[in-house]
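Heads up, start.cif below (mmCIF, C-alpha atoms and all ligand atoms):
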```cif
data_entry
#
loop_
_atom_site.label_atom_id
_atom_site.label_comp_id
_atom_site.auth_asym_id
_atom_site.auth_seq_id
_atom_site.Cartn_x
_atom_site.Cartn_y
_atom_site.Cartn_z
CA MET P 24 -20.68 93.94 -46.22
CA LEU P 25 -20.33 96.64 -43.57
CA VAL P 26 -23.10 97.88 -41.33
CA MET P 27 -22.52 101.55 -40.55
CA MET P 28 -24.25 102.57 -37.33
CA ASN P 29 -25.28 106.17 -36.98
CA ALA P 30 -23.37 108.45 -34.62
CA GLN P 31 -26.06 108.31 -31.93
CA ALA P 32 -26.41 104.50 -31.92
CA THR P 33 -26.41 103.08 -28.39
CA PRO P 34 -24.28 100.11 -27.25
CA GLU P 35 -27.52 98.09 -26.97
CA GLN P 36 -28.38 98.83 -30.59
CA ILE P 37 -24.87 97.80 -31.69
CA ASP P 38 -25.23 94.55 -29.69
CA ALA P 39 -28.60 93.87 -31.28
CA VAL P 40 -27.14 94.24 -34.79
CA CYS P 41 -24.24 91.92 -33.88
CA ARG P 42 -26.71 89.34 -32.51
CA LYS P 43 -28.76 89.51 -35.68
CA ILE P 44 -25.64 88.99 -37.82
CA GLU P 45 -24.67 85.93 -35.73
CA GLU P 46 -28.25 84.57 -36.01
CA MET P 47 -27.88 84.79 -39.77
CA GLY P 48 -24.89 82.44 -39.38
CA TYR P 49 -22.09 85.00 -39.86
CA ARG P 50 -19.52 86.61 -37.63
CA ALA P 51 -19.89 90.24 -36.52
CA HIS P 52 -16.86 92.50 -35.97
CA PRO P 53 -17.90 95.78 -34.31
CA ILE P 54 -15.12 98.35 -34.85
CA PRO P 55 -15.62 101.69 -33.09
CA GLY P 56 -14.51 104.76 -35.03
CA SER P 57 -14.09 108.34 -33.87
CA THR P 58 -17.62 109.29 -34.85
CA ARG P 59 -19.48 106.02 -35.31
CA THR P 60 -19.18 102.27 -35.12
CA ALA P 61 -18.90 100.08 -38.20
CA ILE P 62 -19.70 96.39 -38.01
CA GLY P 63 -17.83 94.12 -40.40
CA ILE P 64 -19.45 90.84 -41.44
CA THR P 65 -17.38 87.75 -42.25
CA GLY P 66 -18.22 84.13 -42.89
CA ASN P 67 -20.77 84.74 -45.66
CA ARG P 68 -20.41 82.86 -48.94
CA GLU P 69 -23.12 84.74 -50.79
CA PRO P 70 -23.94 88.44 -50.51
CA VAL P 71 -25.54 89.29 -47.16
CA GLU P 72 -29.29 90.05 -47.18
CA SER P 73 -28.99 93.66 -46.04
CA ALA P 74 -32.68 94.59 -45.72
CA ALA P 75 -33.08 92.78 -42.37
CA LEU P 76 -30.10 94.68 -40.96
CA GLU P 77 -30.99 98.08 -42.39
CA ALA P 78 -34.36 97.88 -40.62
CA LEU P 79 -32.76 97.65 -37.16
CA PRO P 80 -32.67 100.71 -34.88
CA GLY P 81 -29.41 102.70 -34.98
CA VAL P 82 -28.33 101.43 -38.42
CA ALA P 83 -27.39 104.19 -40.87
CA GLU P 84 -26.68 102.04 -43.91
CA CYS P 85 -25.24 98.77 -45.20
CA VAL P 86 -22.37 99.17 -47.63
CA PRO P 87 -20.75 96.48 -49.75
CA VAL P 88 -16.96 96.17 -49.39
CA SER P 89 -15.12 96.56 -52.66
CA LYS P 90 -11.83 94.99 -51.51
CA PRO P 91 -11.03 91.32 -50.83
CA TYR P 92 -10.05 92.27 -47.29
CA LYS P 93 -12.98 93.41 -45.22
CA LEU P 94 -11.60 94.17 -41.79
CA VAL P 95 -8.18 95.70 -42.43
CA GLY P 96 -9.42 98.19 -45.03
CA ARG P 97 -10.07 101.88 -44.59
CA GLU P 98 -13.62 101.29 -45.75
CA LEU P 99 -14.35 99.78 -42.35
CA LYS P 100 -12.48 102.41 -40.37
CA GLN P 101 -11.20 105.74 -41.64
CA GLU P 102 -8.83 106.68 -38.84
CA THR P 103 -5.60 104.79 -38.20
CA THR P 104 -5.87 102.16 -35.49
CA VAL P 105 -4.00 103.09 -32.33
CA ILE P 106 -2.79 100.06 -30.45
CA ASP P 107 -2.56 100.72 -26.74
CA LEU P 108 0.07 98.63 -24.96
CA GLY P 109 -0.53 100.28 -21.60
CA ASP P 110 1.65 102.64 -19.54
CA GLY P 111 1.33 105.30 -22.24
CA VAL P 112 2.91 103.16 -24.97
CA ARG P 113 0.92 103.33 -28.21
CA VAL P 114 1.51 102.29 -31.79
CA GLY P 115 -0.23 104.29 -34.51
CA SER P 116 -0.48 107.57 -32.60
CA ALA P 117 1.42 110.83 -33.15
CA GLU P 118 4.23 109.41 -31.05
CA LEU P 119 6.51 107.12 -33.04
CA ALA P 120 6.88 103.63 -31.61
CA VAL P 121 10.56 102.73 -31.51
CA ILE P 122 11.37 99.10 -30.82
CA ALA P 123 15.04 98.30 -30.26
CA GLY P 124 17.12 95.40 -29.06
CA PRO P 125 19.16 92.46 -30.25
CA CYS P 126 18.17 90.03 -32.96
CA ALA P 127 18.27 87.21 -30.42
CA ILE P 128 18.34 86.98 -26.65
CA GLU P 129 21.70 85.34 -25.92
CA SER P 130 22.05 85.73 -22.15
CA ARG P 131 20.70 87.76 -19.26
CA GLU P 132 23.83 89.93 -19.24
CA GLN P 133 23.57 90.63 -22.97
CA ALA P 134 19.86 91.49 -22.79
CA PHE P 135 20.29 93.75 -19.76
CA ALA P 136 23.28 95.62 -21.23
CA ILE P 137 21.40 96.35 -24.44
CA ALA P 138 18.13 97.17 -22.66
CA ALA P 139 19.90 99.75 -20.51
CA GLY P 140 21.33 101.38 -23.64
CA VAL P 141 18.13 101.54 -25.66
CA LYS P 142 16.08 102.67 -22.69
CA ALA P 143 18.51 105.55 -22.02
CA ALA P 144 18.14 106.57 -25.68
CA GLY P 145 14.34 106.75 -25.36
CA ALA P 146 13.05 103.43 -26.69
CA LYS P 147 9.91 102.21 -24.97
CA LEU P 148 9.80 98.80 -26.55
CA PHE P 149 12.44 96.09 -26.47
CA ARG P 150 12.89 93.45 -29.14
CA GLY P 151 14.73 90.14 -28.98
CA GLY P 152 14.00 86.69 -30.28
CA ALA P 153 13.80 83.67 -28.03
CA TYR P 154 12.77 81.56 -31.02
CA LYS P 155 14.78 82.30 -34.15
CA PRO P 156 13.81 81.20 -37.65
CA ARG P 157 17.30 80.55 -39.10
CA THR P 158 18.27 79.61 -42.61
CA SER P 159 20.64 76.94 -41.28
CA PRO P 160 19.55 74.33 -38.75
CA TYR P 161 23.08 74.58 -37.30
CA SER P 162 22.79 78.29 -36.48
CA PHE P 163 21.78 79.52 -33.03
CA GLN P 164 18.07 78.82 -32.68
CA GLY P 165 17.35 80.98 -29.60
CA LEU P 166 17.07 80.24 -25.89
CA ALA P 167 13.36 79.37 -26.11
CA GLU P 168 11.48 79.71 -22.78
CA GLU P 169 14.66 80.68 -20.93
CA GLY P 170 14.94 83.63 -23.35
CA LEU P 171 11.33 84.59 -22.65
CA LYS P 172 12.03 84.60 -18.92
CA ILE P 173 14.95 86.95 -19.49
CA LEU P 174 12.66 89.20 -21.55
CA ALA P 175 10.10 89.25 -18.74
CA GLU P 176 12.89 90.33 -16.38
CA VAL P 177 13.85 93.10 -18.81
CA ARG P 178 10.27 94.36 -18.69
CA ASP P 179 10.25 94.37 -14.89
CA GLN P 180 13.67 95.96 -14.54
CA PHE P 181 13.48 98.60 -17.28
CA GLY P 182 9.75 99.14 -17.85
CA LEU P 183 10.16 98.30 -21.54
CA LYS P 184 7.38 96.55 -23.49
CA ILE P 185 8.51 93.26 -24.96
CA VAL P 186 8.24 92.37 -28.66
CA THR P 187 9.29 88.81 -29.44
CA GLU P 188 8.71 86.26 -32.17
CA ALA P 189 6.56 83.13 -32.19
CA VAL P 190 7.47 80.56 -34.82
CA ASP P 191 4.79 77.93 -34.26
CA HIS P 192 1.72 77.18 -32.15
CA GLU P 193 3.68 76.03 -29.14
CA SER P 194 5.94 79.09 -29.00
CA LEU P 195 2.96 81.37 -29.64
CA GLU P 196 1.32 80.25 -26.41
CA LEU P 197 4.50 80.95 -24.46
CA VAL P 198 5.18 84.27 -26.18
CA GLU P 199 1.61 85.31 -25.36
CA GLN P 200 2.31 84.56 -21.70
CA TYR P 201 5.64 86.37 -21.41
CA GLY P 202 5.60 89.09 -24.07
CA ASP P 203 3.59 92.24 -24.81
CA VAL P 204 3.57 91.99 -28.62
CA ILE P 205 3.76 88.74 -30.60
CA GLN P 206 5.96 89.00 -33.69
CA ILE P 207 5.12 86.87 -36.70
CA GLY P 208 8.23 86.76 -38.87
CA ALA P 209 8.59 87.27 -42.60
CA ARG P 210 8.95 83.55 -43.24
CA ASN P 211 5.67 82.87 -41.48
CA MET P 212 3.62 85.65 -43.06
CA GLN P 213 1.57 83.09 -44.96
CA ASN P 214 1.57 80.37 -42.32
CA PHE P 215 -2.20 80.48 -42.23
CA SER P 216 -2.69 78.18 -39.26
CA LEU P 217 -0.25 80.30 -37.23
CA LEU P 218 -2.08 83.46 -38.34
CA LYS P 219 -5.38 81.98 -37.14
CA CYS P 220 -3.83 81.22 -33.75
CA ALA P 221 -2.47 84.77 -33.62
CA GLY P 222 -6.02 85.92 -34.26
CA LYS P 223 -7.16 84.13 -31.12
CA ALA P 224 -4.31 85.47 -28.99
CA ARG P 225 -4.95 88.22 -26.48
CA ARG P 226 -1.86 90.24 -27.40
CA PRO P 227 -1.21 92.60 -30.31
CA ILE P 228 0.57 91.08 -33.30
CA LEU P 229 3.53 92.52 -35.20
CA LEU P 230 3.17 91.04 -38.68
CA LYS P 231 6.24 91.26 -40.89
CA ARG P 232 5.96 91.35 -44.65
CA GLY P 233 7.06 88.16 -46.37
CA LEU P 234 10.27 88.11 -48.39
CA SER P 235 8.37 88.21 -51.65
CA ALA P 236 4.91 89.29 -50.53
CA THR P 237 2.85 91.82 -52.43
CA LEU P 238 0.90 94.51 -50.62
CA ASP P 239 -2.35 92.57 -51.11
CA GLU P 240 -0.78 89.41 -49.71
CA LEU P 241 0.41 91.32 -46.64
CA LEU P 242 -3.05 92.79 -46.07
CA MET P 243 -4.74 89.41 -46.58
CA ALA P 244 -2.36 87.87 -44.02
CA ALA P 245 -3.40 90.57 -41.55
CA GLU P 246 -7.03 89.87 -42.45
CA TYR P 247 -6.59 86.29 -41.21
CA ILE P 248 -5.71 87.66 -37.78
CA LEU P 249 -8.54 90.20 -37.61
CA ALA P 250 -11.06 87.66 -38.89
CA GLU P 251 -10.39 85.60 -35.74
CA GLY P 252 -11.15 88.60 -33.55
CA ASN P 253 -7.72 90.12 -32.84
CA TYR P 254 -7.94 93.65 -34.21
CA ASN P 255 -4.58 94.78 -32.87
CA VAL P 256 -2.18 94.19 -35.72
CA ILE P 257 0.91 96.24 -36.53
CA LEU P 258 2.28 95.78 -40.04
CA CYS P 259 6.02 95.85 -40.68
CA GLU P 260 7.99 96.47 -43.86
CA ARG P 261 11.32 94.61 -43.56
CA GLY P 262 12.56 94.54 -47.11
CA VAL P 263 11.87 92.18 -49.99
CA ARG P 264 14.07 90.06 -52.23
CA THR P 265 15.29 91.75 -55.39
CA PHE P 266 18.32 91.42 -57.66
CA ALA P 267 20.13 94.13 -55.68
CA ASP P 268 23.23 92.81 -53.96
CA HIS P 269 24.42 95.93 -52.16
CA THR P 270 21.89 95.17 -49.42
CA ARG P 271 20.48 91.98 -47.88
CA ASN P 272 16.95 92.97 -48.94
CA THR P 273 15.46 95.98 -50.68
CA LEU P 274 13.61 98.12 -48.16
CA ASP P 275 10.40 99.07 -49.91
CA LEU P 276 9.53 102.35 -48.23
CA SER P 277 6.90 103.11 -50.85
CA VAL P 278 4.75 100.42 -49.28
CA VAL P 279 4.21 102.70 -46.26
CA PRO P 280 2.00 105.29 -48.00
CA ALA P 281 0.48 102.46 -50.06
CA VAL P 282 -0.59 100.63 -46.88
CA GLN P 283 -1.80 103.87 -45.33
CA ARG P 284 -4.07 104.53 -48.28
CA LEU P 285 -5.71 101.12 -48.10
CA SER P 286 -5.60 100.10 -44.45
CA HIS P 287 -6.27 101.56 -41.03
CA LEU P 288 -3.57 99.38 -39.44
CA PRO P 289 -0.37 101.08 -38.27
CA ILE P 290 2.82 100.26 -40.18
CA ILE P 291 6.39 100.35 -38.91
CA VAL P 292 9.70 99.82 -40.72
CA ASP P 293 12.61 97.45 -40.00
CA PRO P 294 15.73 99.02 -41.55
CA SER P 295 17.96 96.32 -40.01
CA HIS P 296 16.63 93.35 -41.97
CA GLY P 297 15.66 95.77 -44.72
CA THR P 298 19.30 96.56 -45.47
CA GLY P 299 21.31 93.91 -43.63
CA ARG P 300 24.20 96.37 -43.28
CA ARG P 301 24.91 98.33 -40.13
CA GLU P 302 25.93 101.56 -41.88
CA LYS P 303 22.68 101.73 -43.81
CA VAL P 304 20.40 101.45 -40.78
CA ALA P 305 20.48 105.13 -39.74
CA PRO P 306 19.90 106.63 -43.21
CA MET P 307 17.00 104.26 -43.91
CA SER P 308 15.52 104.89 -40.46
CA ARG P 309 15.52 108.61 -41.17
CA ALA P 310 13.86 107.96 -44.52
CA ALA P 311 11.26 105.68 -42.91
CA VAL P 312 10.25 108.41 -40.48
CA ALA P 313 10.14 110.95 -43.31
CA VAL P 314 7.87 108.70 -45.37
CA GLY P 315 5.38 108.56 -42.51
CA ALA P 316 5.97 105.22 -40.82
CA ASP P 317 4.36 104.81 -37.40
CA GLY P 318 7.55 103.47 -35.90
CA LEU P 319 10.78 101.56 -36.31
CA ILE P 320 12.15 98.22 -35.20
CA ILE P 321 15.94 98.30 -34.99
CA GLU P 322 18.54 95.71 -34.06
CA VAL P 323 20.95 97.01 -31.43
CA HIS P 324 23.81 95.04 -29.87
CA HIS P 325 26.49 96.16 -27.43
CA GLN P 326 28.99 93.73 -29.00
CA PRO P 327 27.78 93.28 -32.58
CA ASP P 328 30.89 91.41 -33.65
CA ARG P 329 30.12 88.75 -31.08
CA ALA P 330 26.38 88.54 -31.73
CA LEU P 331 24.98 85.05 -32.28
CA SER P 332 22.72 86.34 -35.06
CA ASP P 333 22.52 89.37 -37.34
CA GLY P 334 25.56 91.13 -35.84
CA TYR P 335 26.51 92.71 -39.19
CA GLN P 336 23.24 94.63 -39.24
CA SER P 337 23.16 95.54 -35.54
CA ILE P 338 24.12 99.03 -34.43
CA LEU P 339 25.76 100.05 -31.15
CA PRO P 340 23.69 101.62 -28.35
CA ASP P 341 25.53 104.94 -28.87
CA ASP P 342 24.71 104.96 -32.57
CA PHE P 343 21.12 104.20 -31.67
CA ALA P 344 21.05 107.19 -29.31
CA ARG P 345 22.36 109.45 -32.09
CA LEU P 346 19.76 108.08 -34.46
CA MET P 347 17.00 108.81 -31.94
CA ALA P 348 18.13 112.44 -31.80
CA GLU P 349 18.00 112.67 -35.60
CA ILE P 350 14.59 111.11 -36.01
CA ARG P 351 13.24 113.34 -33.26
CA GLN P 352 13.95 116.32 -35.53
CA ILE P 353 12.47 114.69 -38.62
CA ALA P 354 9.38 113.60 -36.68
CA ALA P 355 8.86 117.15 -35.42
CA LEU P 356 8.66 118.46 -39.00
CA LEU P 357 5.77 116.06 -39.56
CA GLY P 358 3.96 116.92 -36.34
CA ARG P 359 5.02 113.71 -34.66
CA VAL P 360 7.10 113.05 -31.58
CA VAL P 361 9.67 110.55 -30.39
CA CYS P 362 9.88 109.98 -26.70
CA GLU P 363 12.86 111.43 -24.83
C1 LIG W 401 13.92 89.28 -36.78
O1 LIG W 401 13.17 90.23 -36.50
O2 LIG W 401 14.97 89.04 -36.16
C2 LIG W 401 13.58 88.47 -37.96
C3 LIG W 401 13.92 87.19 -38.04
O3 LIG W 401 12.92 89.17 -38.91
P1 LIG W 401 12.28 88.73 -40.30
O4 LIG W 401 11.20 87.76 -39.99
O5 LIG W 401 11.80 90.02 -40.88
O6 LIG W 401 13.39 88.12 -41.13
MN MN W 402 17.39 89.49 -36.92
#
```
In structure tokens, how does this file's structure come out?
Amino acid sequence: MLVMMNAQATPEQIDAVCRKIEEMGYRAHPIPGSTRTAIGITGNREPVESAALEALPGVAECVPVSKPYKLVGRELKQETTVIDLGDGVRVGSAELAVIAGPCAIESREQAFAIAAGVKAAGAKLFRGGAYKPRTSPYSFQGLAEEGLKILAEVRDQFGLKIVTEAVDHESLELVEQYGDVIQIGARNMQNFSLLKCAGKARRPILLKRGLSATLDELLMAAEYILAEGNYNVILCERGVRTFADHTRNTLDLSVVPAVQRLSHLPIIVDPSHGTGRREKVAPMSRAAVAVGADGLIIEVHHQPDRALSDGYQSILPDDFARLMAEIRQIAALLGRVVCE
């Protein structure tokens, strides 16, 4: 059930409706829109008694939600959510959010060399894992808190926003402290207890699509986060498992318009994990921008052949700079911009 307030509703009237919803034993989620506020209701097992809410001042109408997800759907909010990271960095706006950096933070020198390159090319967000979910327990697992400290230095030195992955509750607390955006990886997309913790975190979440997740499963995973009160979720298509063996995964770009039809959350594309092959990253990045993605997350390494993880899909800083120039032109055709 959604309570649609009318355009003139005052903050006091919105508060009063939220209080009433909580008194009824449910949770209220006021979501401001461009013209009016909608209040989502969660926690109800039976249909909500709408008459008591419809009678309150400022309420336009109560509408039932037709989808299993209540808070991520466009029914609740028509315009795309813009996530404001501060200092003019936004995700979901006309400006594409480009996140670039290594798969893993390996050393201070490595992180700084790559940060300098991606910053010069126009990226405003820096990626790099301090906690790495690896297929093999013998592979490099990340520098943990030491890696987060390096990332915090990158932010201070280069003014880049930090996107980094949390793999469990413990790392989530640390990532929340050091980072600007908490990444939940593909393998954790349905780690429901981690999603609930992410919903209580005070930082935006980058939620990657699971290796075999359907669109509904992705949206329901996001719903877990919003249901706990964190409305700042960025979705990410990173490829799914198919029979194709010319790429590591099959980058499902058709999910972008499909998400945009159903959800108000911004969606970005990861062509690095989506293809797993360096030479395919630029073409699929161009396609992702053309299809209307709100941004890209790209693995960049200054010495890909020496990278401790995902070197074969990492591009050089110079290639990244060329790619930025190309997507700038494609973005312009669509009325969007990429920062210089
Ligand atoms: C990553 O971003 O380096 C990563 C591990 O991604 P994914 O969870 O999509 O595999
Ligand atoms: Mn990686």
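The nearest approach to P:Ile106 among the residues P:Leu258, P:Cys126, P:Val304, P:Val88, with only C-alpha atoms taken into account, belongs to P:Leu258.
Candidate residues P:Gln164, P:Thr65, P:Ser308, P:Gln326 were compared for distance to ligand LIG 401 (chain W), and the nearest is P:Gln164, using only C-alpha atoms and all ligand atoms.
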Chain P near ligand MN 402 (chain W) within 9 Å: what's each residue's closest atom pair and its distance in Å to one decimal, counting all atoms listed in the file, ordered by chain then ascending residue number, as CSV?
```
residue,atom,partner,partner_atom,distance
P:Pro125,CA,W:MN402,MN,7.5
P:Cys126,CA,W:MN402,MN,4.1
P:Ala127,CA,W:MN402,MN,6.9
P:Gly151,CA,W:MN402,MN,8.4
P:Gly152,CA,W:MN402,MN,8.0
P:Lys155,CA,W:MN402,MN,8.1
P:Ser295,CA,W:MN402,MN,7.5
P:His296,CA,W:MN402,MN,6.4
P:Gly299,CA,W:MN402,MN,8.9
P:Glu322,CA,W:MN402,MN,6.9
P:Ser332,CA,W:MN402,MN,6.5
P:Asp333,CA,W:MN402,MN,5.1
P:Gly334,CA,W:MN402,MN,8.4
P:Gln336,CA,W:MN402,MN,8.1
P:Ser337,CA,W:MN402,MN,8.5
```
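Closest approach to ligand LIG 401 (chain W) from the set P:Asp293, P:Glu45, P:Glu176, P:Asp328 is made by P:Asp293, with distances taken over only C-alpha atoms and all ligand atoms.
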P:Leu148, P:Ile54, P:Ala167, P:Ala120 ranked by distance to P:Arg359, top pick (using all atoms listed in the file):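 For P:Arg359, the nearest of the given residues is P:Ala120.
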Residues near stretch 273-276 of chain P, cut-off 6 Å, all atoms listed in the file, skip fewer than 6 positions along chain, as a PyMOL selection string: chain P and resi 262-263+297
For ligand LIG 401 (chain W), the nearest of the candidates P:Tyr154, P:Tyr49, P:Phe266, P:Tyr92, counting only C-alpha atoms and all ligand atoms: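 Ranked by minimum distance to ligand LIG 401 (chain W), first place goes to P:Tyr154.
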Let me know the centre plus edge lengths, in Å and rounded to one decimal, of a box with edges along x, y and z that contains all listed atoms of stretch 107-116 of chain P and is padded by 4 Å on every side, as lines of an AutoDock Vina configuration file.
```
center_x = 0.2
center_y = 103.1
center_z = -27.0
size_x = 13.5
size_y = 16.9
size_z = 23.0
```
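Of the listed residues (P:Pro70, P:Gly222, P:Pro227, P:Gly63), P:Pro227 comes nearest to P:Gln206; the distances count all atoms listed in the file.
Going from atom CA of P:Gly145 to atom CA of P:Val190 covers 28.7 Å.
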